[in-house]
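Engineer: Dropping in final.txt, with compact mmCIF, C-alpha atoms.
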# COMPACT_ATOMS: atom_id res chain seq x y z
CA MET L 24 72.20 32.81 107.19
CA GLU L 25 69.53 33.34 109.84
CA LYS L 26 69.76 36.35 112.16
CA THR L 27 70.16 35.55 115.85
CA PRO L 28 67.74 37.20 118.31
CA ALA L 29 70.61 39.35 119.61
CA THR L 30 71.40 40.62 116.06
CA ALA L 31 67.73 41.29 115.35
CA ASN L 32 67.34 43.21 118.62
CA GLY L 33 70.50 45.19 117.84
CA ASN L 34 69.13 46.19 114.43
CA VAL L 35 65.82 47.25 115.98
CA GLN L 36 67.64 49.33 118.62
CA LYS L 37 69.79 50.98 115.95
CA LYS L 38 66.68 51.77 113.91
CA HIS L 39 64.93 53.24 116.95
CA SER L 40 67.98 55.29 117.96
CA TYR L 41 68.34 56.62 114.40
CA LYS L 42 64.65 57.55 114.33
CA ALA L 43 64.97 59.22 117.74
CA TRP L 44 67.98 61.21 116.48
CA LEU L 45 66.03 62.38 113.41
CA GLN L 46 63.10 63.40 115.61
CA SER L 47 65.44 65.33 117.92
CA LEU L 48 66.34 67.56 114.94
CA GLY L 49 62.70 68.65 114.64
CA PRO L 50 62.85 71.79 116.84
CA GLY L 51 65.85 73.18 114.93
CA LEU L 52 64.23 72.48 111.56
CA ILE L 53 60.98 74.14 112.64
CA THR L 54 62.91 77.26 113.70
CA ALA L 55 64.79 77.30 110.38
CA ALA L 56 61.50 77.03 108.46
CA LEU L 57 59.77 79.82 110.39
CA VAL L 58 62.77 82.20 110.17
CA PHE L 59 63.28 81.57 106.44
CA GLY L 60 60.22 83.50 105.26
CA PRO L 61 59.39 85.47 102.10
CA SER L 62 61.21 88.54 103.45
CA LYS L 63 64.42 86.49 103.71
CA VAL L 64 64.04 85.29 100.12
CA THR L 65 63.40 88.87 98.98
CA ILE L 66 66.40 90.37 100.82
CA ALA L 67 68.76 87.58 99.66
CA SER L 68 67.53 87.99 96.06
CA ILE L 69 68.03 91.77 96.11
CA MET L 70 71.50 91.41 97.68
CA GLY L 71 72.61 88.97 94.97
CA ALA L 72 71.05 90.96 92.13
CA SER L 73 72.55 94.26 93.34
CA TYR L 74 75.98 93.22 94.64
CA GLY L 75 76.71 89.81 93.15
CA PHE L 76 78.54 87.38 95.45
CA SER L 77 80.17 90.06 97.59
CA LEU L 78 77.69 89.83 100.51
CA LEU L 79 77.71 86.05 101.02
CA TRP L 80 79.89 86.53 104.11
CA ILE L 81 77.01 88.14 106.02
CA VAL L 82 75.11 84.84 105.79
CA ALA L 83 77.94 83.06 107.64
CA VAL L 84 78.06 85.78 110.33
CA ALA L 85 74.28 85.79 110.90
CA ILE L 86 74.10 81.99 111.08
CA PHE L 87 77.02 81.84 113.53
CA PHE L 88 75.17 84.06 116.02
CA MET L 89 71.90 82.25 115.33
CA ILE L 90 73.58 78.95 116.23
CA ILE L 91 74.93 80.42 119.47
CA PHE L 92 71.53 81.67 120.65
CA THR L 93 69.36 78.78 119.42
CA THR L 94 71.59 76.22 121.13
CA MET L 95 71.54 78.42 124.24
CA ALA L 96 67.72 78.48 124.20
CA ALA L 97 67.57 74.73 123.52
CA ARG L 98 69.75 74.03 126.57
CA VAL L 99 67.44 76.18 128.70
CA GLY L 100 64.51 74.09 127.48
CA ILE L 101 66.38 70.86 128.27
CA ALA L 102 67.61 71.98 131.70
CA THR L 103 64.22 72.88 133.15
CA SER L 104 60.66 71.60 133.00
CA GLU L 105 59.19 75.10 133.24
CA SER L 106 58.89 77.42 130.25
CA LEU L 107 61.43 80.14 129.50
CA LEU L 108 58.94 82.90 130.32
CA SER L 109 58.11 81.18 133.62
CA THR L 110 61.81 81.18 134.48
CA ILE L 111 62.08 84.86 133.51
CA SER L 112 59.00 85.62 135.61
CA ARG L 113 60.50 83.85 138.62
CA LYS L 114 63.77 85.79 138.26
CA TRP L 115 62.52 89.27 137.33
CA GLY L 116 58.78 89.32 137.98
CA ILE L 117 55.51 88.94 136.06
CA PRO L 118 55.85 92.31 134.19
CA ALA L 119 59.00 91.04 132.43
CA ARG L 120 57.12 87.93 131.29
CA ILE L 121 54.16 89.95 130.03
CA VAL L 122 56.32 92.51 128.20
CA ILE L 123 58.18 89.78 126.29
CA GLY L 124 55.10 87.67 125.51
CA VAL L 125 52.88 90.56 124.40
CA GLY L 126 55.78 92.15 122.50
CA VAL L 127 56.47 88.96 120.54
CA PHE L 128 52.73 88.58 119.84
CA LEU L 129 52.56 92.13 118.41
CA VAL L 130 55.64 91.58 116.22
CA THR L 131 54.42 88.24 114.85
CA ALA L 132 50.88 89.54 114.27
CA SER L 133 52.25 92.62 112.48
CA PHE L 134 54.44 90.62 110.09
CA GLN L 135 51.92 87.80 109.53
CA ALA L 136 50.27 89.64 106.62
CA GLY L 137 53.54 89.42 104.68
CA ASN L 138 53.56 85.63 105.06
CA SER L 139 49.93 85.40 103.89
CA ILE L 140 50.63 87.62 100.90
CA GLY L 141 53.76 85.63 100.00
CA ALA L 142 51.88 82.32 100.04
CA GLY L 143 48.93 83.80 98.13
CA ILE L 144 51.03 85.48 95.42
CA THR L 145 53.12 82.38 94.65
CA LEU L 146 50.04 80.20 94.15
CA ALA L 147 48.30 82.98 92.19
CA GLU L 148 51.34 83.33 89.89
CA ALA L 149 51.48 79.57 89.36
CA THR L 150 47.75 79.24 88.60
CA HIS L 151 47.12 82.70 87.05
CA SER L 152 44.30 83.32 89.50
CA SER L 153 43.39 85.72 92.31
CA LYS L 154 45.80 85.91 95.24
CA THR L 155 42.87 86.65 97.60
CA ILE L 156 41.45 83.17 97.09
CA TRP L 157 44.80 81.57 97.86
CA ILE L 158 45.37 83.74 100.94
CA ILE L 159 42.06 82.43 102.31
CA VAL L 160 42.87 78.82 101.34
CA CYS L 161 46.35 78.92 102.92
CA ASN L 162 45.06 80.34 106.19
CA ILE L 163 42.15 77.89 106.37
CA ALA L 164 44.70 75.09 105.83
CA GLY L 165 46.90 76.57 108.59
CA ILE L 166 44.02 76.90 111.07
CA SER L 167 42.75 73.39 110.28
CA ILE L 168 46.10 71.93 111.41
CA LEU L 169 45.36 73.31 114.89
CA PHE L 170 42.55 70.76 115.26
CA PHE L 171 44.94 67.81 115.20
CA ARG L 172 45.28 66.32 118.67
CA THR L 173 49.06 66.04 118.33
CA PHE L 174 49.60 69.50 116.87
CA TYR L 175 53.35 69.51 117.51
CA LYS L 176 53.86 66.24 115.61
CA MET L 177 51.84 67.57 112.66
CA LEU L 178 53.71 70.90 112.73
CA GLU L 179 57.04 69.08 112.78
CA LYS L 180 56.13 66.85 109.82
CA ILE L 181 54.80 69.74 107.73
CA MET L 182 57.81 71.96 108.46
CA ILE L 183 60.29 69.19 107.61
CA GLY L 184 58.37 68.53 104.38
CA LEU L 185 58.48 72.24 103.49
CA ILE L 186 62.22 72.38 104.30
CA ILE L 187 62.87 69.46 101.93
CA MET L 188 60.75 71.15 99.25
CA MET L 189 62.61 74.46 99.65
CA LEU L 190 66.03 72.79 99.64
CA PHE L 191 65.21 70.91 96.44
CA ALA L 192 63.69 73.95 94.68
CA PHE L 193 66.44 76.46 95.51
CA MET L 194 69.31 73.99 95.10
CA VAL L 195 68.18 72.84 91.64
CA THR L 196 67.61 76.46 90.56
CA MET L 197 71.13 77.33 91.72
CA ILE L 198 72.66 74.32 89.91
CA LEU L 199 70.84 75.28 86.70
CA SER L 200 72.41 78.74 86.90
CA HIS L 201 75.98 77.26 86.87
CA PRO L 202 77.49 79.65 89.43
CA PRO L 203 81.29 80.17 89.32
CA VAL L 204 83.02 78.46 92.26
CA THR L 205 85.64 81.21 92.51
CA GLY L 206 82.92 83.85 92.69
CA ILE L 207 81.23 82.03 95.56
CA ALA L 208 84.54 81.62 97.42
CA THR L 209 85.43 85.32 97.14
CA GLY L 210 81.95 86.21 98.43
CA PHE L 211 82.88 84.91 101.88
CA VAL L 212 85.68 87.47 102.19
CA PRO L 213 84.08 90.38 104.10
CA THR L 214 83.59 93.50 101.98
CA VAL L 215 81.00 96.28 102.22
CA PRO L 216 80.15 97.59 98.74
CA THR L 217 79.01 101.20 98.51
CA GLY L 218 75.30 101.48 99.28
CA SER L 219 74.95 97.97 100.71
CA GLN L 220 74.83 98.92 104.39
CA LYS L 221 71.02 98.98 104.65
CA LEU L 222 70.71 95.54 103.06
CA ILE L 223 73.39 94.13 105.37
CA ILE L 224 71.53 95.48 108.42
CA ALA L 225 68.17 94.21 107.12
CA PHE L 226 69.51 90.71 106.44
CA MET L 227 71.37 90.52 109.75
CA ALA L 228 68.32 91.68 111.71
CA SER L 229 66.00 89.17 110.02
CA CYS L 230 68.34 86.14 109.92
CA PHE L 231 69.83 86.61 113.40
CA SER L 232 66.33 86.31 114.89
CA ILE L 233 66.42 86.26 118.69
CA VAL L 234 62.63 85.86 118.70
CA GLY L 235 63.00 82.71 116.60
CA ALA L 236 65.87 81.55 118.81
CA ILE L 237 63.92 81.68 122.09
CA TYR L 238 61.11 79.61 120.56
CA GLN L 239 63.65 76.79 120.40
CA SER L 240 63.29 76.31 124.17
CA TYR L 241 59.54 75.72 123.79
CA LEU L 242 59.93 73.37 120.82
CA VAL L 243 62.59 71.33 122.63
CA GLN L 244 60.24 70.93 125.59
CA GLU L 245 57.45 69.77 123.25
CA ARG L 246 59.86 67.19 121.82
CA LYS L 247 60.87 66.13 125.39
CA ARG L 248 57.23 65.55 126.30
CA LEU L 249 56.80 63.22 123.32
CA ARG L 250 60.00 61.21 123.88
CA PRO L 251 61.27 61.85 127.45
CA GLU L 252 63.70 58.92 127.22
CA VAL L 253 65.68 60.52 124.35
CA SER L 254 68.77 62.40 125.54
CA LEU L 255 69.11 65.97 124.18
CA THR L 256 72.15 68.26 124.39
CA GLY L 257 71.10 71.38 122.46
CA LYS L 258 73.45 70.61 119.56
CA GLU L 259 70.49 69.09 117.70
CA THR L 260 69.62 72.61 116.53
CA LEU L 261 72.81 72.81 114.44
CA PRO L 262 71.52 71.07 111.25
CA GLY L 263 68.46 73.34 111.14
CA MET L 264 70.54 76.52 111.41
CA LEU L 265 73.02 75.31 108.77
CA ILE L 266 70.08 74.58 106.44
CA LEU L 267 68.78 78.11 107.12
CA GLY L 268 72.15 79.53 106.05
CA PHE L 269 72.41 77.22 103.04
CA MET L 270 68.98 78.24 101.71
CA SER L 271 69.77 81.94 102.15
CA ALA L 272 73.09 81.47 100.34
CA THR L 273 71.58 79.51 97.43
CA VAL L 274 69.01 82.24 96.75
CA MET L 275 71.72 84.92 96.84
CA ILE L 276 74.05 82.87 94.61
CA CYS L 277 71.30 82.30 92.06
CA ALA L 278 70.50 86.03 91.89
CA ALA L 279 74.22 86.90 91.73
CA THR L 280 74.80 84.48 88.85
CA VAL L 281 71.76 85.31 86.71
CA LEU L 282 70.56 88.82 87.52
CA HIS L 283 73.68 90.73 88.59
CA PRO L 284 75.65 90.35 85.32
CA ALA L 285 72.55 91.39 83.34
CA GLY L 286 71.97 94.42 85.57
CA ILE L 287 68.42 93.28 86.37
CA LYS L 288 67.01 95.00 89.46
CA ILE L 289 64.22 93.43 91.52
CA ASN L 290 61.94 94.64 94.29
CA ASN L 291 60.61 91.36 95.64
CA ALA L 292 61.04 87.60 95.42
CA THR L 293 58.26 87.20 92.83
CA ASP L 294 60.25 89.49 90.51
CA MET L 295 63.13 87.04 90.93
CA ALA L 296 60.98 84.15 89.67
CA ILE L 297 59.78 86.23 86.70
CA ALA L 298 63.36 87.28 85.87
CA LEU L 299 64.50 83.63 85.78
CA GLU L 300 61.93 82.67 83.13
CA PRO L 301 63.60 84.21 80.05
CA VAL L 302 66.93 82.62 81.03
CA PHE L 303 65.87 79.10 82.04
CA GLY L 304 62.23 78.87 80.93
CA ASN L 305 59.12 77.99 82.93
CA ALA L 306 60.77 75.10 84.81
CA ALA L 307 63.27 77.21 86.78
CA SER L 308 60.76 80.00 87.35
CA GLY L 309 58.25 77.44 88.60
CA LEU L 310 60.85 75.80 90.84
CA PHE L 311 61.70 79.14 92.43
CA LEU L 312 57.98 79.80 93.04
CA VAL L 313 57.73 76.38 94.72
CA GLY L 314 60.58 77.37 97.04
CA LEU L 315 59.02 80.76 97.71
CA PHE L 316 55.69 79.13 98.56
CA GLY L 317 57.48 76.81 100.99
CA ALA L 318 59.17 79.79 102.64
CA SER L 319 55.87 81.70 102.89
CA PHE L 320 53.67 78.87 104.17
CA SER L 321 56.26 77.62 106.68
CA SER L 322 56.57 81.15 108.08
CA LEU L 323 52.78 81.55 108.08
CA LEU L 324 52.51 78.47 110.33
CA GLY L 325 55.67 78.93 112.41
CA ASN L 326 55.30 82.67 112.99
CA ALA L 327 51.73 82.23 114.24
CA ALA L 328 52.73 79.30 116.47
CA LEU L 329 55.56 81.36 117.96
CA GLY L 330 53.40 84.42 118.70
CA GLY L 331 50.48 82.39 120.06
CA THR L 332 52.69 80.25 122.29
CA LEU L 333 54.48 83.18 123.92
CA LEU L 334 51.29 85.19 124.42
CA GLY L 335 49.63 82.19 126.06
CA ASP L 336 52.63 81.73 128.32
CA ALA L 337 52.81 85.45 129.14
CA LEU L 338 49.17 85.52 130.24
CA GLY L 339 49.57 82.48 132.46
CA TYR L 340 48.04 79.79 130.24
CA GLY L 341 51.33 77.95 129.72
CA GLY L 342 53.39 77.58 126.58
CA GLN L 343 52.30 74.11 125.46
CA LEU L 344 50.93 73.62 121.95
CA SER L 345 48.34 71.22 123.40
CA SER L 346 46.67 74.16 125.21
CA GLY L 347 43.34 75.23 123.71
CA ILE L 348 44.02 78.89 124.59
CA VAL L 349 47.45 78.80 122.90
CA ARG L 350 45.90 77.31 119.76
CA THR L 351 43.22 80.03 119.83
CA PHE L 352 45.93 82.72 119.95
CA ILE L 353 47.73 81.01 117.03
CA ALA L 354 44.49 81.10 115.02
CA VAL L 355 43.96 84.78 115.92
CA ILE L 356 47.38 85.67 114.47
CA MET L 357 46.53 83.84 111.24
CA ILE L 358 43.17 85.61 110.99
CA ILE L 359 44.80 89.01 111.60
CA GLY L 360 47.41 88.31 108.91
CA ALA L 361 44.84 87.12 106.37
CA SER L 362 42.50 90.07 107.08
CA VAL L 363 45.28 92.63 106.63
CA ALA L 364 46.57 90.87 103.50
CA ILE L 365 43.13 90.81 101.85
CA THR L 366 42.16 94.36 102.92
CA PHE L 367 45.40 96.16 101.99
CA GLY L 368 47.11 93.75 99.57
CA LYS L 369 50.42 94.54 101.23
CA LEU L 370 51.88 95.15 104.68
CA PRO L 371 50.61 98.64 105.72
CA LEU L 372 53.22 101.21 106.74
CA GLU L 373 51.60 101.59 110.17
CA LEU L 374 52.05 97.88 110.92
CA ILE L 375 55.66 97.95 109.71
CA VAL L 376 56.38 100.90 112.02
CA LEU L 377 54.63 99.19 114.95
CA ALA L 378 56.55 95.93 114.40
CA GLN L 379 59.87 97.72 114.03
CA ALA L 380 59.27 99.92 117.09
CA VAL L 381 58.37 96.92 119.28
CA THR L 382 61.28 94.90 117.87
CA ILE L 383 63.80 97.67 118.62
CA PHE L 384 62.94 97.60 122.32
CA ILE L 385 61.97 93.97 122.87
CA VAL L 386 64.76 92.11 121.03
CA PRO L 387 67.73 93.32 123.16
CA PHE L 388 65.65 92.70 126.30
CA ILE L 389 64.92 89.10 125.20
CA GLY L 390 68.56 88.51 124.22
CA ILE L 391 69.91 89.73 127.56
CA ALA L 392 67.28 87.75 129.52
CA LEU L 393 68.12 84.52 127.64
CA TYR L 394 71.86 85.10 128.14
CA LEU L 395 71.44 85.63 131.91
CA VAL L 396 69.16 82.60 132.33
CA ALA L 397 71.64 80.40 130.41
CA ASN L 398 74.36 81.56 132.85
CA ASP L 399 72.33 80.82 135.97
CA ALA L 400 73.83 77.66 137.50
CA THR L 401 70.75 77.08 139.70
CA VAL L 402 68.59 76.83 136.55
CA MET L 403 71.03 75.25 134.12
CA GLY L 404 73.24 72.97 136.21
CA PRO L 405 75.86 71.34 133.94
CA LEU L 406 74.15 72.85 130.84
CA LYS L 407 75.25 76.36 131.85
CA ASN L 408 77.03 78.41 129.16
CA ASN L 409 80.70 77.59 128.65
CA THR L 410 83.38 80.26 128.13
CA PHE L 411 83.24 80.19 124.32
CA THR L 412 79.43 80.53 124.30
CA ASN L 413 79.63 83.41 126.76
CA ILE L 414 82.17 85.31 124.65
CA ALA L 415 80.32 84.66 121.38
CA GLY L 416 76.99 85.44 123.06
CA ALA L 417 78.32 88.72 124.46
CA ILE L 418 79.49 89.75 120.97
CA GLY L 419 76.07 88.73 119.66
CA LEU L 420 74.37 90.96 122.23
CA ILE L 421 76.54 93.89 121.14
CA VAL L 422 75.59 93.23 117.50
CA MET L 423 71.94 93.04 118.58
CA LEU L 424 72.17 96.40 120.39
CA LEU L 425 73.90 98.03 117.43
CA LEU L 426 71.17 96.75 115.10
CA ALA L 427 68.53 98.13 117.49
CA VAL L 428 70.23 101.53 117.60
CA SER L 429 70.58 101.58 113.80
CA ASN L 430 66.91 100.69 113.34
CA ALA L 431 65.86 103.29 115.92
CA ILE L 432 67.80 106.02 114.10
CA THR L 433 66.23 105.00 110.78
CA LEU L 434 62.72 104.77 112.23
CA PHE L 435 62.59 107.83 114.47
CA PHE L 436 65.15 110.28 113.07
CA SER L 437 65.35 109.71 109.30
Could you take the file, read its structure, and then write that structure out as structure tokens?
Structural biologist:
Amino acid sequence: MEKTPATANGNVQKKHSYKAWLQSLGPGLITAALVFGPSKVTIASIMGASYGFSLLWIVAVAIFFMIIFTTMAARVGIATSESLLSTISRKWGIPARIVIGVGVFLVTASFQAGNSIGAGITLAEATHSSKTIWIIVCNIAGISILFFRTFYKMLEKIMIGLIIMMLFAFMVTMILSHPPVTGIATGFVPTVPTGSQKLIIAFMASCFSIVGAIYQSYLVQERKRLRPEVSLTGKETLPGMLILGFMSATVMICAATVLHPAGIKINNATDMAIALEPVFGNAASGLFLVGLFGASFSSLLGNAALGGTLLGDALGYGGQLSSGIVRTFIAVIMIIGASVAITFGKLPLELIVLAQAVTIFIVPFIGIALYLVANDATVMGPLKNNTFTNIAGAIGLIVMLLLAVSNAITLFFS
């Protein structure tokens, strides 16, 4: 039976609307990929190896608050044509914009070495070669992407590809480990095992990333520029955040199933891959390394894009990825990370202290600023925070402040 023109047009429209919906998920998936870095894999692995399934509940808590603030930032990006830092500057002055932009740049530049090292080590382990060579290769690959005219489109495609790769690698590794369903279920009942407090704080601080959340407003605006006719609500970030939680949980479950019963302790994510080899052979160990590489390279790209975008916006060059100055700042962060990684072979203590010190002061400031902007009816119109978001966001801000105080005590008084 031949299709009528009306049927054919309907099918084309459905196909286009489905494609538009998939593309609208891009900003959330990019944020998930940049937040889920090698440090997240390491912390989740150590939590599972040390405490079994008992800390799975913290993943759900962190992702809940991440959803609240990423959707909030996305709605800010949808509601206005100006950047988030421009709105902040208009409300509280240029110094506020500069403090946030420069602060985020310093944090991302400080932690970039860890992403370079993570990417280099995984490829070095897989090929039994020097990590220095792979650090250089990964960063050259990252910088070369900046030369694409449609950088956002390329970034989106690469990040989605890396997400799929990570999902496959970690999910298959988890399935191979045959985790007990009852063990997983009990892990979502909140308990705080003796000695686990530092790991809980570390995971919460890294997974509930307000810096990653605010970048959502910029990514949504990039997506709007490409397809202005597509209607966005902010809820498009939800799949990305759920994937972020799922990947964190799978890594923890795998470590809890394999390493915890055997009493195997690990210090980093590469140890996790090595520990899997005697149990499952080269295949599972290799799969985990594939996932770890995806986490490292996606953070290497996303972290640099985040820092470069906000610095460019803070200094008055705008926050668009098409800007030559913004791309230059992104490249600078990659070069800094690669240089530190090659020179020191690890993240120096001084950089860790600098990043933590800046984070302690800048993160609550960013969180409060985003919350106030999202409640400003003149900026947001009908996209203003509803009552539930305000209550959940207020609790999130309290959690954020408590984490900042805890980190300040550890950094300055311990």
Engineer: Just the residues within 8 Å of L:Ser200, please, counting all atoms listed in the file, with nothing from its chain fewer than 4 positions along; format it as a PyMOL selection string.
Structural biologist: chain L and resi 196+277+280-281
Engineer: Have a look at atom CA of L:Ser429 and atom CA of L:Thr332 and let me know their distance in Å, one decimal.
Structural biologist: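 Distance between the two atoms: 29.1 Å.
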Engineer: Would you work out the distance separating atom CA of L:Gln244 from atom CA of L:Gly100, expressed in Å to one decimal?
Structural biologist: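 Separation of atom CA of L:Gln244 and atom CA of L:Gly100: 5.6 Å.
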Engineer: Find the distance between atom CA of L:Ile237 and atom CA of L:Thr401 and write it in Å to one decimal.
Structural biologist: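 Interatomic distance here is 19.4 Å.
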Engineer: For a cut-off of 7 Å around (73.3, 88.7, 90.4), file coordinates, pick out all residues using only C-alpha atoms and list them as an mmCIF file with C-alpha atoms, in the frame of the given file.
Structural biologist:
data_model
loop_
_atom_site.group_PDB
_atom_site.id
_atom_site.type_symbol
_atom_site.label_atom_id
_atom_site.label_comp_id
_atom_site.auth_asym_id
_atom_site.auth_seq_id
_atom_site.Cartn_x
_atom_site.Cartn_y
_atom_site.Cartn_z
ATOM 1 C CA GLY L 71 72.610 88.970 94.970
ATOM 2 C CA ALA L 72 71.050 90.960 92.130
ATOM 3 C CA SER L 73 72.550 94.260 93.340
ATOM 4 C CA TYR L 74 75.980 93.220 94.640
ATOM 5 C CA GLY L 75 76.710 89.810 93.150
ATOM 6 C CA CYS L 277 71.300 82.300 92.060
ATOM 7 C CA ALA L 278 70.500 86.030 91.890
ATOM 8 C CA ALA L 279 74.220 86.900 91.730
ATOM 9 C CA THR L 280 74.800 84.480 88.850
ATOM 10 C CA VAL L 281 71.760 85.310 86.710
ATOM 11 C CA LEU L 282 70.560 88.820 87.520
ATOM 12 C CA HIS L 283 73.680 90.730 88.590
ATOM 13 C CA PRO L 284 75.650 90.350 85.320
#
Engineer: Determine, counting all atoms listed in the file, every residue of protein, DNA or RNA that lies within 12 Å of (69.9, 86.8, 102.0) in the file coordinates, then give the result as an mmCIF file with C-alpha atoms, in the coordinates of the input.
Structural biologist:
data_model
loop_
_atom_site.group_PDB
_atom_site.id
_atom_site.type_symbol
_atom_site.label_atom_id
_atom_site.label_comp_id
_atom_site.auth_asym_id
_atom_site.auth_seq_id
_atom_site.Cartn_x
_atom_site.Cartn_y
_atom_site.Cartn_z
ATOM 1 C CA VAL L 58 62.770 82.200 110.170
ATOM 2 C CA PHE L 59 63.280 81.570 106.440
ATOM 3 C CA GLY L 60 60.220 83.500 105.260
ATOM 4 C CA PRO L 61 59.390 85.470 102.100
ATOM 5 C CA SER L 62 61.210 88.540 103.450
ATOM 6 C CA LYS L 63 64.420 86.490 103.710
ATOM 7 C CA VAL L 64 64.040 85.290 100.120
ATOM 8 C CA THR L 65 63.400 88.870 98.980
ATOM 9 C CA ILE L 66 66.400 90.370 100.820
ATOM 10 C CA ALA L 67 68.760 87.580 99.660
ATOM 11 C CA SER L 68 67.530 87.990 96.060
ATOM 12 C CA ILE L 69 68.030 91.770 96.110
ATOM 13 C CA MET L 70 71.500 91.410 97.680
ATOM 14 C CA GLY L 71 72.610 88.970 94.970
ATOM 15 C CA ALA L 72 71.050 90.960 92.130
ATOM 16 C CA SER L 73 72.550 94.260 93.340
ATOM 17 C CA TYR L 74 75.980 93.220 94.640
ATOM 18 C CA GLY L 75 76.710 89.810 93.150
ATOM 19 C CA PHE L 76 78.540 87.380 95.450
ATOM 20 C CA SER L 77 80.170 90.060 97.590
ATOM 21 C CA LEU L 78 77.690 89.830 100.510
ATOM 22 C CA LEU L 79 77.710 86.050 101.020
ATOM 23 C CA TRP L 80 79.890 86.530 104.110
ATOM 24 C CA ILE L 81 77.010 88.140 106.020
ATOM 25 C CA VAL L 82 75.110 84.840 105.790
ATOM 26 C CA ALA L 83 77.940 83.060 107.640
ATOM 27 C CA VAL L 84 78.060 85.780 110.330
ATOM 28 C CA ALA L 85 74.280 85.790 110.900
ATOM 29 C CA ILE L 86 74.100 81.990 111.080
ATOM 30 C CA LEU L 222 70.710 95.540 103.060
ATOM 31 C CA ILE L 223 73.390 94.130 105.370
ATOM 32 C CA ILE L 224 71.530 95.480 108.420
ATOM 33 C CA ALA L 225 68.170 94.210 107.120
ATOM 34 C CA PHE L 226 69.510 90.710 106.440
ATOM 35 C CA MET L 227 71.370 90.520 109.750
ATOM 36 C CA ALA L 228 68.320 91.680 111.710
ATOM 37 C CA SER L 229 66.000 89.170 110.020
ATOM 38 C CA CYS L 230 68.340 86.140 109.920
ATOM 39 C CA PHE L 231 69.830 86.610 113.400
ATOM 40 C CA LEU L 267 68.780 78.110 107.120
ATOM 41 C CA GLY L 268 72.150 79.530 106.050
ATOM 42 C CA PHE L 269 72.410 77.220 103.040
ATOM 43 C CA MET L 270 68.980 78.240 101.710
ATOM 44 C CA SER L 271 69.770 81.940 102.150
ATOM 45 C CA ALA L 272 73.090 81.470 100.340
ATOM 46 C CA THR L 273 71.580 79.510 97.430
ATOM 47 C CA VAL L 274 69.010 82.240 96.750
ATOM 48 C CA MET L 275 71.720 84.920 96.840
ATOM 49 C CA ILE L 276 74.050 82.870 94.610
ATOM 50 C CA CYS L 277 71.300 82.300 92.060
ATOM 51 C CA ALA L 278 70.500 86.030 91.890
ATOM 52 C CA ALA L 279 74.220 86.900 91.730
ATOM 53 C CA ALA L 292 61.040 87.600 95.420
#
Engineer: Assuming 8 Å of padding per side, give the centre and edge lengths of the axis-aligned box around every listed atom of stretch 56-69 of chain L, in Å to one decimal and as lines of an AutoDock Vina configuration file.
Structural biologist:
center_x = 64.1
center_y = 84.4
center_z = 103.2
size_x = 25.4
size_y = 30.7
size_z = 30.3
Engineer: Calculated over all atoms listed in the file, which of the candidates L:Val402, L:Val428, L:Ile391, L:Ile159 has the smallest distance to L:Ile365?
Structural biologist: L:Ile159
Engineer: So, with only C-alpha atoms as the atoms that count, which of L:Leu424, L:Leu108, L:Ile101, L:Val160 lies closest to L:Gly339?
Structural biologist: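 Among the listed residues, the smallest separation from L:Gly339 belongs to L:Leu108.
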Engineer: Within 12 Å of stretch 412-421 of chain L, counting only C-alpha atoms, which residues qualify if same-chain residues fewer than 2 places away don't, as a VMD selection string?
Structural biologist: chain L and resid 84 to 96 98 227 to 228 231 to 233 386 to 398 406 to 410 423 to 428
Engineer: Would you mind telling me which residue in L:Ser254, L:Thr260, L:Ser308, L:Thr131 lies nearest to L:Ala102 when using all atoms listed in the file?
Structural biologist: L:Ser254
Engineer: With all atoms listed in the file as the basis for distance, which of L:Leu312, L:Val130, L:Ala55, L:Leu434 is at the shortest distance from L:Met182?
Structural biologist: L:Ala55
Engineer: Select, from L:Gly360, L:Gly347, L:Gly165, L:Gly325, the residue with the minimum atom-to-atom distance to L:Thr54, counting only C-alpha atoms.
Structural biologist: L:Gly325
Engineer: Contacts of L:Val355 at 10 Å or less, counting all atoms listed in the file, minus same-chain residues fewer than 3 places along, as a PDB file with C-alpha atoms, in the coordinates of the input?
Structural biologist:
ATOM      1  CA  ALA L 132      50.880  89.540 114.270  1.00  0.00           C
ATOM      2  CA  ILE L 166      44.020  76.900 111.070  1.00  0.00           C
ATOM      3  CA  ALA L 327      51.730  82.230 114.240  1.00  0.00           C
ATOM      4  CA  GLY L 330      53.400  84.420 118.700  1.00  0.00           C
ATOM      5  CA  GLY L 331      50.480  82.390 120.060  1.00  0.00           C
ATOM      6  CA  VAL L 349      47.450  78.800 122.900  1.00  0.00           C
ATOM      7  CA  ARG L 350      45.900  77.310 119.760  1.00  0.00           C
ATOM      8  CA  THR L 351      43.220  80.030 119.830  1.00  0.00           C
ATOM      9  CA  PHE L 352      45.930  82.720 119.950  1.00  0.00           C
ATOM     10  CA  ILE L 358      43.170  85.610 110.990  1.00  0.00           C
ATOM     11  CA  ILE L 359      44.800  89.010 111.600  1.00  0.00           C
ATOM     12  CA  GLY L 360      47.410  88.310 108.910  1.00  0.00           C
ATOM     13  CA  ALA L 361      44.840  87.120 106.370  1.00  0.00           C
TER      14      ALA L 361
END
Engineer: Between L:Ile432, L:Ile187, L:Leu334, L:Ala296, which has the minimum distance to L:Val127 (counting all atoms listed in the file)?
Structural biologist: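 Closest to L:Val127 of all the choices is L:Leu334.
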